[in-house]
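Shown next: data_32.pdb, given as PDB, N, CA and C atoms.
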```pdb
ATOM      1  N   MET T  29      -6.039 -34.909 -14.601
ATOM      2  CA  MET T  29      -4.981 -34.381 -13.765
ATOM      3  C   MET T  29      -3.810 -33.891 -14.607
ATOM      4  N   ILE T  30      -3.503 -34.614 -15.678
ATOM      5  CA  ILE T  30      -2.397 -34.216 -16.541
ATOM      6  C   ILE T  30      -2.689 -32.874 -17.205
ATOM      7  N   ASP T  31      -3.935 -32.675 -17.667
ATOM      8  CA  ASP T  31      -4.303 -31.410 -18.304
ATOM      9  C   ASP T  31      -4.179 -30.244 -17.331
ATOM     10  N   ALA T  32      -4.615 -30.460 -16.100
ATOM     11  CA  ALA T  32      -4.544 -29.395 -15.098
ATOM     12  C   ALA T  32      -3.098 -29.071 -14.761
ATOM     13  N   LEU T  33      -2.271 -30.089 -14.596
ATOM     14  CA  LEU T  33      -0.853 -29.865 -14.306
ATOM     15  C   LEU T  33      -0.177 -29.173 -15.480
ATOM     16  N   LEU T  34      -0.557 -29.556 -16.694
ATOM     17  CA  LEU T  34      -0.001 -28.917 -17.877
ATOM     18  C   LEU T  34      -0.373 -27.443 -17.922
ATOM     19  N   SER T  35      -1.607 -27.093 -17.581
ATOM     20  CA  SER T  35      -1.988 -25.677 -17.591
ATOM     21  C   SER T  35      -1.230 -24.884 -16.534
ATOM     22  N   ILE T  36      -0.991 -25.479 -15.376
ATOM     23  CA  ILE T  36      -0.193 -24.793 -14.351
ATOM     24  C   ILE T  36       1.222 -24.546 -14.872
ATOM     25  N   LEU T  37       1.809 -25.549 -15.482
ATOM     26  CA  LEU T  37       3.172 -25.413 -15.999
ATOM     27  C   LEU T  37       3.244 -24.455 -17.187
ATOM     28  N   ILE T  38       2.197 -24.403 -17.998
ATOM     29  CA  ILE T  38       2.178 -23.451 -19.116
ATOM     30  C   ILE T  38       2.159 -22.019 -18.596
ATOM     31  N   PHE T  39       1.369 -21.763 -17.562
ATOM     32  CA  PHE T  39       1.358 -20.417 -16.989
ATOM     33  C   PHE T  39       2.711 -20.079 -16.368
ATOM     34  N   GLN T  40       3.360 -21.062 -15.765
ATOM     35  CA  GLN T  40       4.693 -20.820 -15.223
ATOM     36  C   GLN T  40       5.669 -20.501 -16.359
ATOM     37  N   LEU T  41       5.557 -21.218 -17.473
ATOM     38  CA  LEU T  41       6.419 -20.956 -18.624
ATOM     39  C   LEU T  41       6.174 -19.566 -19.197
ATOM     40  N   ILE T  42       4.915 -19.180 -19.314
ATOM     41  CA  ILE T  42       4.589 -17.844 -19.815
ATOM     42  C   ILE T  42       5.184 -16.780 -18.889
ATOM     43  N   GLY T  43       5.050 -16.989 -17.598
ATOM     44  CA  GLY T  43       5.630 -16.048 -16.643
ATOM     45  C   GLY T  43       7.138 -15.978 -16.761
ATOM     46  N   GLU T  44       7.779 -17.121 -16.948
ATOM     47  CA  GLU T  44       9.238 -17.150 -17.087
ATOM     48  C   GLU T  44       9.674 -16.430 -18.358
ATOM     49  N   VAL T  45       8.960 -16.646 -19.446
ATOM     50  CA  VAL T  45       9.288 -15.970 -20.713
ATOM     51  C   VAL T  45       9.122 -14.464 -20.557
ATOM     52  N   LEU T  46       8.029 -14.039 -19.926
ATOM     53  CA  LEU T  46       7.816 -12.602 -19.711
ATOM     54  C   LEU T  46       8.889 -12.008 -18.806
ATOM     55  N   SER T  47       9.213 -12.713 -17.736
ATOM     56  CA  SER T  47      10.205 -12.210 -16.792
ATOM     57  C   SER T  47      11.574 -12.043 -17.448
ATOM     58  N   ARG T  48      11.979 -13.055 -18.165
ATOM     59  CA  ARG T  48      13.292 -12.985 -18.815
ATOM     60  C   ARG T  48      13.274 -12.089 -20.043
ATOM     61  N   GLY T  49      12.198 -12.167 -20.822
ATOM     62  CA  GLY T  49      12.118 -11.379 -22.047
ATOM     63  C   GLY T  49      12.042  -9.884 -21.795
ATOM     64  N   LEU T  50      11.327  -9.501 -20.745
ATOM     65  CA  LEU T  50      11.178  -8.077 -20.414
ATOM     66  C   LEU T  50      12.169  -7.630 -19.338
ATOM     67  N   ASN T  51      13.040  -8.553 -18.915
ATOM     68  CA  ASN T  51      14.054  -8.271 -17.892
ATOM     69  C   ASN T  51      13.415  -7.690 -16.624
ATOM     70  N   LEU T  52      12.357  -8.355 -16.149
ATOM     71  CA  LEU T  52      11.636  -7.894 -14.963
ATOM     72  C   LEU T  52      12.325  -8.399 -13.693
ATOM     73  N   PRO T  53      12.228  -7.641 -12.608
ATOM     74  CA  PRO T  53      12.848  -8.079 -11.353
ATOM     75  C   PRO T  53      11.993  -9.085 -10.573
ATOM     76  N   VAL T  54      10.897  -9.543 -11.166
ATOM     77  CA  VAL T  54       9.989 -10.477 -10.516
ATOM     78  C   VAL T  54      10.229 -11.866 -11.109
ATOM     79  N   PRO T  55      10.303 -12.906 -10.272
ATOM     80  CA  PRO T  55      10.514 -14.256 -10.808
ATOM     81  C   PRO T  55       9.370 -14.694 -11.723
ATOM     82  N   GLY T  56       9.717 -15.495 -12.715
ATOM     83  CA  GLY T  56       8.742 -15.980 -13.678
ATOM     84  C   GLY T  56       7.584 -16.741 -13.067
ATOM     85  N   PRO T  57       7.841 -17.648 -12.114
ATOM     86  CA  PRO T  57       6.712 -18.364 -11.511
ATOM     87  C   PRO T  57       5.716 -17.448 -10.800
ATOM     88  N   VAL T  58       6.199 -16.346 -10.249
ATOM     89  CA  VAL T  58       5.287 -15.392  -9.588
ATOM     90  C   VAL T  58       4.403 -14.718 -10.633
ATOM     91  N   ILE T  59       5.005 -14.330 -11.755
ATOM     92  CA  ILE T  59       4.222 -13.717 -12.834
ATOM     93  C   ILE T  59       3.216 -14.721 -13.377
ATOM     94  N   GLY T  60       3.649 -15.965 -13.565
ATOM     95  CA  GLY T  60       2.741 -17.004 -14.045
ATOM     96  C   GLY T  60       1.591 -17.242 -13.083
ATOM     97  N   MET T  61       1.883 -17.218 -11.787
ATOM     98  CA  MET T  61       0.838 -17.419 -10.786
ATOM     99  C   MET T  61      -0.172 -16.264 -10.837
ATOM    100  N   LEU T  62       0.315 -15.041 -11.012
ATOM    101  CA  LEU T  62      -0.589 -13.896 -11.106
ATOM    102  C   LEU T  62      -1.443 -13.971 -12.371
ATOM    103  N   LEU T  63      -0.845 -14.412 -13.473
ATOM    104  CA  LEU T  63      -1.613 -14.573 -14.704
ATOM    105  C   LEU T  63      -2.675 -15.661 -14.556
ATOM    106  N   LEU T  64      -2.298 -16.772 -13.944
ATOM    107  CA  LEU T  64      -3.258 -17.846 -13.703
ATOM    108  C   LEU T  64      -4.387 -17.362 -12.800
ATOM    109  N   PHE T  65      -4.043 -16.607 -11.767
ATOM    110  CA  PHE T  65      -5.056 -16.047 -10.875
ATOM    111  C   PHE T  65      -6.012 -15.140 -11.645
ATOM    112  N   ALA T  66      -5.454 -14.292 -12.522
ATOM    113  CA  ALA T  66      -6.296 -13.372 -13.299
ATOM    114  C   ALA T  66      -7.235 -14.140 -14.219
ATOM    115  N   VAL T  67      -6.727 -15.163 -14.882
ATOM    116  CA  VAL T  67      -7.565 -15.956 -15.785
ATOM    117  C   VAL T  67      -8.657 -16.689 -15.003
ATOM    118  N   LEU T  68      -8.282 -17.281 -13.861
ATOM    119  CA  LEU T  68      -9.284 -17.993 -13.056
ATOM    120  C   LEU T  68     -10.325 -17.038 -12.497
ATOM    121  N   ARG T  69      -9.896 -15.865 -12.130
ATOM    122  CA  ARG T  69     -10.829 -14.847 -11.626
ATOM    123  C   ARG T  69     -11.801 -14.432 -12.730
ATOM    124  N   TRP T  70     -11.255 -14.273 -13.932
ATOM    125  CA  TRP T  70     -12.062 -13.868 -15.076
ATOM    126  C   TRP T  70     -13.073 -14.958 -15.447
ATOM    127  N   ARG T  71     -12.674 -16.219 -15.319
ATOM    128  CA  ARG T  71     -13.544 -17.348 -15.661
ATOM    129  C   ARG T  71     -14.512 -17.703 -14.536
ATOM    130  N   GLY T  72     -14.349 -17.099 -13.368
ATOM    131  CA  GLY T  72     -15.279 -17.354 -12.268
ATOM    132  C   GLY T  72     -14.826 -18.446 -11.312
ATOM    133  N   GLY T  73     -13.581 -18.830 -11.376
ATOM    134  CA  GLY T  73     -13.060 -19.835 -10.459
ATOM    135  C   GLY T  73     -12.399 -20.972 -11.203
ATOM    136  N   PRO T  74     -11.699 -21.809 -10.466
ATOM    137  CA  PRO T  74     -10.995 -22.914 -11.120
ATOM    138  C   PRO T  74     -11.936 -24.049 -11.493
ATOM    139  N   PRO T  75     -11.649 -24.704 -12.614
ATOM    140  CA  PRO T  75     -12.431 -25.912 -12.925
ATOM    141  C   PRO T  75     -12.078 -27.024 -11.939
ATOM    142  N   GLU T  76     -12.939 -27.989 -11.810
ATOM    143  CA  GLU T  76     -12.748 -29.056 -10.819
ATOM    144  C   GLU T  76     -11.429 -29.812 -10.984
ATOM    145  N   PRO T  77     -11.008 -30.181 -12.216
ATOM    146  CA  PRO T  77      -9.724 -30.904 -12.332
ATOM    147  C   PRO T  77      -8.531 -30.076 -11.831
ATOM    148  N   LEU T  78      -8.554 -28.780 -12.109
ATOM    149  CA  LEU T  78      -7.465 -27.921 -11.646
ATOM    150  C   LEU T  78      -7.483 -27.805 -10.131
ATOM    151  N   SER T  79      -8.655 -27.680  -9.562
ATOM    152  CA  SER T  79      -8.787 -27.596  -8.108
ATOM    153  C   SER T  79      -8.295 -28.875  -7.440
ATOM    154  N   ALA T  80      -8.668 -30.022  -7.993
ATOM    155  CA  ALA T  80      -8.233 -31.303  -7.422
ATOM    156  C   ALA T  80      -6.718 -31.468  -7.529
ATOM    157  N   THR T  81      -6.150 -31.064  -8.659
ATOM    158  CA  THR T  81      -4.696 -31.164  -8.842
ATOM    159  C   THR T  81      -3.969 -30.244  -7.866
ATOM    160  N   ALA T  82      -4.448 -29.016  -7.717
ATOM    161  CA  ALA T  82      -3.821 -28.075  -6.794
ATOM    162  C   ALA T  82      -3.892 -28.595  -5.357
ATOM    163  N   ASN T  83      -5.011 -29.156  -4.971
ATOM    164  CA  ASN T  83      -5.143 -29.703  -3.617
ATOM    165  C   ASN T  83      -4.212 -30.890  -3.406
ATOM    166  N   SER T  84      -4.032 -31.682  -4.444
ATOM    167  CA  SER T  84      -3.113 -32.820  -4.349
ATOM    168  C   SER T  84      -1.674 -32.346  -4.180
ATOM    169  N   ILE T  85      -1.306 -31.327  -4.919
ATOM    170  CA  ILE T  85       0.047 -30.763  -4.796
ATOM    171  C   ILE T  85       0.237 -30.175  -3.395
ATOM    172  N   LEU T  86      -0.751 -29.435  -2.918
ATOM    173  CA  LEU T  86      -0.660 -28.821  -1.594
ATOM    174  C   LEU T  86      -0.581 -29.862  -0.483
ATOM    175  N   ALA T  87      -1.213 -31.003  -0.684
ATOM    176  CA  ALA T  87      -1.173 -32.054   0.332
ATOM    177  C   ALA T  87       0.235 -32.613   0.504
ATOM    178  N   HIS T  88       1.044 -32.524  -0.540
ATOM    179  CA  HIS T  88       2.408 -33.049  -0.485
ATOM    180  C   HIS T  88       3.459 -31.941  -0.394
ATOM    181  N   LEU T  89       3.036 -30.732  -0.122
ATOM    182  CA  LEU T  89       3.949 -29.591  -0.041
ATOM    183  C   LEU T  89       5.065 -29.767   0.987
ATOM    184  N   PRO T  90       4.808 -30.358   2.155
ATOM    185  CA  PRO T  90       5.908 -30.508   3.121
ATOM    186  C   PRO T  90       7.103 -31.300   2.575
ATOM    187  N   LEU T  91       6.894 -32.150   1.604
ATOM    188  CA  LEU T  91       8.011 -32.896   1.025
ATOM    189  C   LEU T  91       9.028 -31.972   0.359
ATOM    190  N   LEU T  92       8.582 -30.797  -0.072
ATOM    191  CA  LEU T  92       9.488 -29.870  -0.730
ATOM    192  C   LEU T  92      10.481 -29.232   0.249
ATOM    193  N   PHE T  93      10.209 -29.346   1.537
ATOM    194  CA  PHE T  93      11.127 -28.792   2.526
ATOM    195  C   PHE T  93      12.270 -29.750   2.857
ATOM    196  N   VAL T  94      12.166 -30.994   2.441
ATOM    197  CA  VAL T  94      13.221 -31.972   2.719
ATOM    198  C   VAL T  94      14.549 -31.567   2.075
ATOM    199  N   PRO T  95      14.585 -31.189   0.788
ATOM    200  CA  PRO T  95      15.871 -30.772   0.212
ATOM    201  C   PRO T  95      16.479 -29.563   0.914
ATOM    202  N   ALA T  96      15.647 -28.627   1.336
ATOM    203  CA  ALA T  96      16.169 -27.460   2.047
ATOM    204  C   ALA T  96      16.778 -27.871   3.379
ATOM    205  N   GLY T  97      16.119 -28.778   4.083
ATOM    206  CA  GLY T  97      16.663 -29.282   5.353
ATOM    207  C   GLY T  97      17.977 -30.014   5.160
ATOM    208  N   VAL T  98      18.077 -30.807   4.107
ATOM    209  CA  VAL T  98      19.332 -31.505   3.809
ATOM    210  C   VAL T  98      20.420 -30.497   3.475
ATOM    211  N   GLY T  99      20.066 -29.474   2.737
ATOM    212  CA  GLY T  99      21.046 -28.430   2.404
ATOM    213  C   GLY T  99      21.579 -27.732   3.640
ATOM    214  N   VAL T 100      20.712 -27.477   4.591
ATOM    215  CA  VAL T 100      21.157 -26.860   5.843
ATOM    216  C   VAL T 100      22.108 -27.795   6.577
ATOM    217  N   MET T 101      21.777 -29.072   6.631
ATOM    218  CA  MET T 101      22.638 -30.039   7.337
ATOM    219  C   MET T 101      23.996 -30.181   6.654
ATOM    220  N   VAL T 102      24.004 -30.135   5.334
ATOM    221  CA  VAL T 102      25.262 -30.271   4.593
ATOM    222  C   VAL T 102      26.162 -29.057   4.834
ATOM    223  N   HIS T 103      25.566 -27.898   4.987
ATOM    224  CA  HIS T 103      26.339 -26.661   5.116
ATOM    225  C   HIS T 103      26.348 -26.116   6.546
ATOM    226  N   LEU T 104      26.322 -26.996   7.536
ATOM    227  CA  LEU T 104      26.342 -26.552   8.930
ATOM    228  C   LEU T 104      27.580 -25.724   9.281
ATOM    229  N   PRO T 105      28.784 -26.080   8.811
ATOM    230  CA  PRO T 105      29.940 -25.225   9.132
ATOM    231  C   PRO T 105      29.782 -23.807   8.581
ATOM    232  N   LEU T 106      29.252 -23.697   7.364
ATOM    233  CA  LEU T 106      29.013 -22.370   6.787
ATOM    234  C   LEU T 106      27.954 -21.626   7.590
ATOM    235  N   LEU T 107      26.928 -22.323   8.002
ATOM    236  CA  LEU T 107      25.877 -21.708   8.803
ATOM    237  C   LEU T 107      26.405 -21.247  10.154
ATOM    238  N   ALA T 108      27.294 -22.044  10.755
ATOM    239  CA  ALA T 108      27.886 -21.645  12.033
ATOM    240  C   ALA T 108      28.749 -20.395  11.870
ATOM    241  N   ARG T 109      29.449 -20.320  10.759
ATOM    242  CA  ARG T 109      30.343 -19.183  10.520
ATOM    243  C   ARG T 109      29.561 -17.923  10.163
ATOM    244  N   GLU T 110      28.499 -18.071   9.372
ATOM    245  CA  GLU T 110      27.736 -16.916   8.885
ATOM    246  C   GLU T 110      26.377 -16.784   9.568
ATOM    247  N   GLY T 111      26.183 -17.483  10.683
ATOM    248  CA  GLY T 111      24.884 -17.509  11.344
ATOM    249  C   GLY T 111      24.425 -16.158  11.876
ATOM    250  N   ALA T 112      25.342 -15.396  12.477
ATOM    251  CA  ALA T 112      24.948 -14.103  13.055
ATOM    252  C   ALA T 112      24.445 -13.121  11.994
ATOM    253  N   PRO T 113      25.173 -12.940  10.871
ATOM    254  CA  PRO T 113      24.633 -12.036   9.849
ATOM    255  C   PRO T 113      23.312 -12.530   9.257
ATOM    256  N   LEU T 114      23.185 -13.854   9.087
ATOM    257  CA  LEU T 114      21.927 -14.402   8.574
ATOM    258  C   LEU T 114      20.778 -14.133   9.547
ATOM    259  N   LEU T 115      21.017 -14.364  10.825
ATOM    260  CA  LEU T 115      19.991 -14.122  11.827
ATOM    261  C   LEU T 115      19.603 -12.646  11.866
ATOM    262  N   ALA T 116      20.598 -11.775  11.784
ATOM    263  CA  ALA T 116      20.313 -10.334  11.772
ATOM    264  C   ALA T 116      19.475  -9.959  10.549
ATOM    265  N   ALA T 117      19.822 -10.503   9.387
ATOM    266  CA  ALA T 117      19.061 -10.200   8.172
ATOM    267  C   ALA T 117      17.627 -10.700   8.279
ATOM    268  N   ILE T 118      17.453 -11.883   8.852
ATOM    269  CA  ILE T 118      16.105 -12.443   9.002
ATOM    270  C   ILE T 118      15.278 -11.607   9.963
ATOM    271  N   VAL T 119      15.867 -11.226  11.098
ATOM    272  CA  VAL T 119      15.131 -10.437  12.092
ATOM    273  C   VAL T 119      14.783  -9.062  11.536
ATOM    274  N   ILE T 120      15.735  -8.418  10.884
ATOM    275  CA  ILE T 120      15.479  -7.070  10.348
ATOM    276  C   ILE T 120      14.444  -7.115   9.234
ATOM    277  N   SER T 121      14.574  -8.057   8.300
ATOM    278  CA  SER T 121      13.620  -8.111   7.190
ATOM    279  C   SER T 121      12.221  -8.495   7.680
ATOM    280  N   THR T 122      12.135  -9.378   8.653
ATOM    281  CA  THR T 122      10.825  -9.749   9.200
ATOM    282  C   THR T 122      10.195  -8.560   9.919
ATOM    283  N   SER T 123      10.993  -7.812  10.659
ATOM    284  CA  SER T 123      10.472  -6.631  11.354
ATOM    285  C   SER T 123       9.959  -5.587  10.366
ATOM    286  N   ILE T 124      10.718  -5.363   9.299
ATOM    287  CA  ILE T 124      10.285  -4.392   8.284
ATOM    288  C   ILE T 124       8.996  -4.865   7.614
ATOM    289  N   THR T 125       8.917  -6.155   7.314
ATOM    290  CA  THR T 125       7.711  -6.697   6.676
ATOM    291  C   THR T 125       6.501  -6.546   7.586
ATOM    292  N   LEU T 126       6.650  -6.877   8.865
ATOM    293  CA  LEU T 126       5.537  -6.724   9.808
ATOM    294  C   LEU T 126       5.119  -5.265   9.941
ATOM    295  N   LEU T 127       6.078  -4.365  10.012
ATOM    296  CA  LEU T 127       5.780  -2.940  10.122
ATOM    297  C   LEU T 127       5.029  -2.443   8.891
ATOM    298  N   MET T 128       5.525  -2.795   7.711
ATOM    299  CA  MET T 128       4.883  -2.329   6.487
ATOM    300  C   MET T 128       3.483  -2.936   6.326
ATOM    301  N   THR T 129       3.321  -4.193   6.718
ATOM    302  CA  THR T 129       2.006  -4.819   6.645
ATOM    303  C   THR T 129       1.038  -4.124   7.594
ATOM    304  N   GLY T 130       1.486  -3.854   8.809
ATOM    305  CA  GLY T 130       0.641  -3.141   9.768
ATOM    306  C   GLY T 130       0.260  -1.759   9.286
ATOM    307  N   LEU T 131       1.221  -1.034   8.732
ATOM    308  CA  LEU T 131       0.928   0.306   8.208
ATOM    309  C   LEU T 131      -0.034   0.244   7.027
ATOM    310  N   THR T 132       0.122  -0.749   6.175
ATOM    311  CA  THR T 132      -0.775  -0.895   5.027
ATOM    312  C   THR T 132      -2.193  -1.214   5.482
ATOM    313  N   VAL T 133      -2.341  -2.129   6.446
ATOM    314  CA  VAL T 133      -3.665  -2.476   6.961
ATOM    315  C   VAL T 133      -4.285  -1.257   7.636
ATOM    316  N   HIS T 134      -3.497  -0.519   8.411
ATOM    317  CA  HIS T 134      -3.999   0.689   9.066
ATOM    318  C   HIS T 134      -4.462   1.711   8.030
ATOM    319  N   TRP T 135      -3.678   1.902   6.990
ATOM    320  CA  TRP T 135      -4.024   2.866   5.937
ATOM    321  C   TRP T 135      -5.295   2.420   5.207
ATOM    322  N   LEU T 136      -5.402   1.130   4.904
ATOM    323  CA  LEU T 136      -6.593   0.631   4.198
ATOM    324  C   LEU T 136      -7.848   0.750   5.070
ATOM    325  N   ARG T 137      -7.723   0.501   6.355
ATOM    326  CA  ARG T 137      -8.881   0.622   7.248
ATOM    327  C   ARG T 137      -9.331   2.065   7.383
ATOM    328  N   ARG T 138      -8.369   2.999   7.432
ATOM    329  CA  ARG T 138      -8.739   4.419   7.515
ATOM    330  C   ARG T 138      -9.413   4.889   6.230
ATOM    331  N   ARG T 139      -8.973   4.327   5.111
ATOM    332  CA  ARG T 139      -9.555   4.679   3.816
ATOM    333  C   ARG T 139     -10.992   4.205   3.691
ATOM    334  N   LYS T 140     -11.270   3.068   4.318
ATOM    335  CA  LYS T 140     -12.605   2.477   4.233
ATOM    336  C   LYS T 140     -13.550   3.256   5.111
TER
END
```
What does the file become when written as structure tokens?
Amino acid sequence: MIDALLSILIFQLIGEVLSRGLNLPVPGPVIGMLLLFAVLRWRGGPPEPLSATANSILAHLPLLFVPAGVGVMVHLPLLAREGAPLLAAIVISTSITLLMTGLTVHWLRRRK
């Protein structure tokens, strides 16, 4: 499990170095995840220890939302004051994302 976790963190580090070193607008962990995906794809899939470690992390993923929930509770006055612009930004960005996803799926289906 330690080896698998270390490989995940190494790919995250590589992504972070690339992101900062090349001044890319993409976060380092995203680049690391794409690199890990490419390597796993090239090797034919994840080895069993990596798969077990990833499943263990995913099983405890809801715990990562606790700090965000506490942050919201701590900043309730700020949220009350800035709630309308935040809600507008969320609704507009979600609508744009849904529209672009639908258009992309439509375009890909027509291409096929």
Legend entry - Two-atom distance - CA of Asn51 in chain T, CA of Phe39 in chain T (Å):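 Spanning CA of Asn51 in chain T to CA of Phe39 in chain T is a straight-line distance of 17.6 Å.
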Legend entry - Distance in Å - CA of Val67 in chain T versus CA of Ser47 in chain T: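 Computing it gives 18.2 Å between the two atoms.
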Legend entry - Selection: 8 Å around Asp31 in chain T, all atoms listed in the file, excl. self and same-chain fewer than 4 positions, as JSON, numbers by chain: {"T": [35, 36, 37, 77, 78]}
Inset, instruction - Figure out the distance between CA of Met61 in chain T and CA of Val45 in chain T, please, to one decimal in Å. - result: 13.1 Å
Test item: axis-aligned box, all listed atoms of range 63-76 of chain T, 4 Å on each side, centre and edges in Å rounded to one decimal, as AutoDock Vina command-line options:
```
--center_x -8.1 --center_y -21.6 --center_z -13.1 --size_x 22.4 --size_y 24.4 --size_z 13.3
```
Legend entry - Residue contacts of Ile42 in chain T (9 Å, only C-alpha atoms) excluding same-chain residues fewer than 6 positions away, as number ranges by chain: T: 56-57, 59-60, 63
So that I can look at just that part, could you write range 38-50 of chain T with N, CA, C and O atoms, as a short mmCIF file (atom, residue, chain, number, x, y, z; two decimals), in the first residue's frame?
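The new file decode-v4.cif reads:
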```
data_model
loop_
_atom_site.label_atom_id
_atom_site.label_comp_id
_atom_site.auth_asym_id
_atom_site.auth_seq_id
_atom_site.Cartn_x
_atom_site.Cartn_y
_atom_site.Cartn_z
N ILE T 38 4.10 10.61 -6.29
CA ILE T 38 5.18 10.98 -7.22
C ILE T 38 4.60 11.56 -8.50
O ILE T 38 5.10 12.57 -9.02
N PHE T 39 3.53 10.97 -9.01
CA PHE T 39 2.91 11.53 -10.21
C PHE T 39 2.32 12.91 -9.93
O PHE T 39 2.38 13.79 -10.77
N GLN T 40 1.78 13.10 -8.73
CA GLN T 40 1.28 14.42 -8.38
C GLN T 40 2.43 15.42 -8.31
O GLN T 40 2.30 16.55 -8.78
N LEU T 41 3.57 15.00 -7.76
CA LEU T 41 4.73 15.88 -7.70
C LEU T 41 5.25 16.22 -9.09
O LEU T 41 5.55 17.39 -9.37
N ILE T 42 5.31 15.24 -9.97
CA ILE T 42 5.75 15.49 -11.34
C ILE T 42 4.80 16.49 -12.02
O ILE T 42 5.24 17.42 -12.70
N GLY T 43 3.52 16.30 -11.82
CA GLY T 43 2.55 17.23 -12.39
C GLY T 43 2.71 18.63 -11.83
O GLY T 43 2.63 19.62 -12.57
N GLU T 44 2.96 18.74 -10.54
CA GLU T 44 3.15 20.05 -9.91
C GLU T 44 4.41 20.73 -10.45
O GLU T 44 4.40 21.93 -10.73
N VAL T 45 5.48 19.97 -10.60
CA VAL T 45 6.73 20.53 -11.14
C VAL T 45 6.51 21.01 -12.57
O VAL T 45 6.95 22.11 -12.95
N LEU T 46 5.83 20.20 -13.38
CA LEU T 46 5.55 20.61 -14.76
C LEU T 46 4.66 21.84 -14.81
O LEU T 46 4.91 22.77 -15.60
N SER T 47 3.63 21.86 -13.99
CA SER T 47 2.70 22.99 -13.98
C SER T 47 3.40 24.29 -13.60
O SER T 47 3.23 25.32 -14.26
N ARG T 48 4.17 24.23 -12.55
CA ARG T 48 4.86 25.44 -12.10
C ARG T 48 6.05 25.78 -12.98
O ARG T 48 6.31 26.94 -13.27
N GLY T 49 6.80 24.76 -13.39
CA GLY T 49 7.99 24.99 -14.20
C GLY T 49 7.68 25.55 -15.58
O GLY T 49 8.41 26.40 -16.09
N LEU T 50 6.59 25.07 -16.17
CA LEU T 50 6.20 25.54 -17.51
C LEU T 50 5.14 26.64 -17.45
O LEU T 50 4.65 27.07 -18.50
#
```
